[in-house]
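Q: Below is one structure. I have some questions about it.
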2 protein chains.
Amino acid sequence: MTAVTSIMRAQQILLGELDAALKPYELTFARYEALVLLTFSSSGALPLGKIGERLMVHPTSVTNTIDRLERQGLVRRRPNPRDGRGTLAEITERGAEVVEAATRDLMAIDFGLGAYDETGQAEIFDVLRHLRVAAGDFPVKERR
Amino acid sequence: MTAVTSIMRAQQILLGELDAALKPYELTFARYEALVLLTFSSSGALPLGKIGERLMVHPTSVTNTIDRLERQGLVRRRPNPRDGRGTLAEITERGAEVVEAATRDLMAIDFGLGAYDETGQAEIFDVLRHLRVAAGDFPVKERR
DNA sequence: CTCCGATAGTAGGATGTCCGACTATCCGGC
DNA sequence: GCCGGATAGTCGGACATCCTACTATCGGAG
């Protein structure tokens with residue numbers, strides 16, 4: 001139970017720091033993650049479903065996240081040319097600028113993990129890996 | 001950044017499992033934690049502020065949590081006899097029964113950490129300890 | 001070529017969390 | 001004994017997340 005509490009608290013603390021750092025950009029960590037995902041995508045656009053899959057969140061959460069980002073002018077919705085049911089979220093120029101600046105800020109605070117060196121961060125990853133694998137969240141990078 | 005993701009996902013996975021296990025009792029982990037806290041308290045009652053302090057959540061979250069527990073008949077609000085501003089949350093008989101049964105169920109699934117043995121759980125605690133200490137969340141047990 | 005199950009997104013509702021603002025009460029200093 | 005700052009809870013609003021239900025479209029079986 002102590003271990004459970006550790007994970008809960010750690011996440012809570014971390015999320016708090018990250019959200020605070022992102023506040024100047026009017027972003028939350030959830031929205032930041034979505035933007036980064038789009039940035040890393042070759043075309044700068046992804047079907048909403050893909051986003052939910054990568055971030056491991058419910059489709060309705062993606063709709064909500066993209067709604068807000070779109071209202072902020074950081075992404076744009078576009079019908080998926082290859083699937084009439086689908087919608088693509090495409091990062092805008094302003095979105096790309098914002099995510100870049102935000103990333104600089106996050107790096108400056110070591111993403112909230114300033115208390116850890118490379119080794120310590122690797123330990124965190126290793127220790128939690130079992131749990132993620134058991135839940136089907138492969139920490140293995142998947143090819144696009 | 002990988003380490004950050006690990007923590008976020010681990011918490012998400014864990015919370016999902018715990019909430020699922022608590023569903024039959026109409027409880028969420030947040031409410032369960034509050035009930036446990038009251039159970040462990042000698043008198044079975046605590047000022048709302050104390051609860052927020054222990055669980056490291058905002059006062060408004062406590063109000064919300066206790067509201068729901070009270071509506072479910074698992075706790076009862078009572079004016080604090082030693083502080084006219086304060087309110088005590090007191091666990092009811094039914095609340096005690098529910099938390100006991102729920103705890104049995106959670107134990108049966110190792111609180112979602114069945115993938116870890118004692119050592120593994122200790123590692124989780126140790127690795128995340130730095131982060132919590134740096135944030136002022138003393139993983140040191142405080143006397144009542 | 002048509003029909004029906006599977007899939008992509010969205011809408012509505014519940015929960016939990018935070019922040020800022022407000023009320024009521026407490027308490028220490030003058 | 002009174003007064004003003006500190007403290008306890010609550011309320012309203014913003015976000016994020018999930019679930020269920022619904023619409024529209026896709027795609028394979030017959």
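Letters for chains follow the order of the structure tokens (A, B, ...), residue numbers begin at 1 for each chain, and ligand numbers begin at 1 in the order shown.
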For chain B against chain A, which residues fall within 6 Å using only C-alpha atoms, given as a list in words?
A: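 Those within range of chain A come out as Ala3, Ser6, Ile7, Met8, Gln11, Gln121, Ile124 and Phe125 of chain B.
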Q: With C-alpha atoms kept, could you save the residues just selected as a PDB file, in the first residue's frame?
A:
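File part.pdb, as written:
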```
ATOM      1  CA  ALA B   3      10.644   8.714 -16.469  1.00  0.00           C
ATOM      2  CA  SER B   6       6.423   6.137 -16.564  1.00  0.00           C
ATOM      3  CA  ILE B   7       5.056   7.775 -13.466  1.00  0.00           C
ATOM      4  CA  MET B   8       2.028   9.202 -15.230  1.00  0.00           C
ATOM      5  CA  GLN B  11      -0.568   6.076 -11.745  1.00  0.00           C
ATOM      6  CA  GLN B 121       7.339  -2.583  -3.802  1.00  0.00           C
ATOM      7  CA  ILE B 124       9.138   1.724  -5.874  1.00  0.00           C
ATOM      8  CA  PHE B 125       8.900   3.517  -2.572  1.00  0.00           C
TER       9      PHE B 125
END
```
Q: Give me, as a ChimeraX atom specification, the residues of chain A touching chain D, with the criterion being at most 8 Å (counting only C-alpha atoms (C1' of nucleotides)).
A: /A:30,58,61,83-85
Q: Could I get the residues of stretch 7-60 of chain A with an atom no further than 8 Å from an atom of stretch 3-16 of chain C, each paired with its nearest atom pair and that distance in Å to one decimal, using only C-alpha atoms (C1' of nucleotides), sorted by chain and residue number, as a tab-separated table?
A:
```
residue	atom	partner	partner_atom	distance
A:Gly49	CA	C:DA8	C1'	7.0
A:Pro59	CA	C:DG9	C1'	7.7
A:Thr60	CA	C:DT10	C1'	7.6
```
Q: How many Å lie between atom CA of A:Thr65 and atom CA of A:Pro81, rounded to one decimal?
A: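 These two atoms are separated by 22.0 Å.
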Q: So which bits of stretch 44-137 of chain B end up helix (DSSP H, G or I) when you DSSP the backbone, as an MDAnalysis selection string?
A: chainID B and resid 48:55 59:71 93:108 110:112 118:134
Q: I need the contact residues of chain C against chain B, so if you could list those with any atom within 9 Å, counting only C-alpha atoms (C1' of nucleotides), and return them as a list in words, that would help.
A: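 Matching residues, ligands excluded from the count: DT15, DG16, DT17, DC18, DA24, DT25 and DC26 of chain C.
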Q: Store the residues picked out above, limited to C-alpha atoms (C1' of nucleotides), as a short mmCIF file (atom, residue, chain, number, x, y, z; two decimals), in the first residue's frame.
A:
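So out.cif came out as:
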```
data_model
loop_
_atom_site.label_atom_id
_atom_site.label_comp_id
_atom_site.auth_asym_id
_atom_site.auth_seq_id
_atom_site.Cartn_x
_atom_site.Cartn_y
_atom_site.Cartn_z
"C1'" DT C 15 -16.16 12.11 -10.62
"C1'" DG C 16 -11.97 14.26 -8.88
"C1'" DT C 17 -8.75 18.05 -8.68
"C1'" DC C 18 -7.40 22.75 -8.47
"C1'" DA C 24 -17.86 32.57 9.93
"C1'" DT C 25 -15.09 31.96 13.71
"C1'" DC C 26 -10.72 32.12 16.41
#
```
Q: Could you check how far atom CA of B:Asn80 sits from atom CA of B:Tyr32, in Å to one decimal?
A: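 Here the two named atoms are 22.6 Å from each other.
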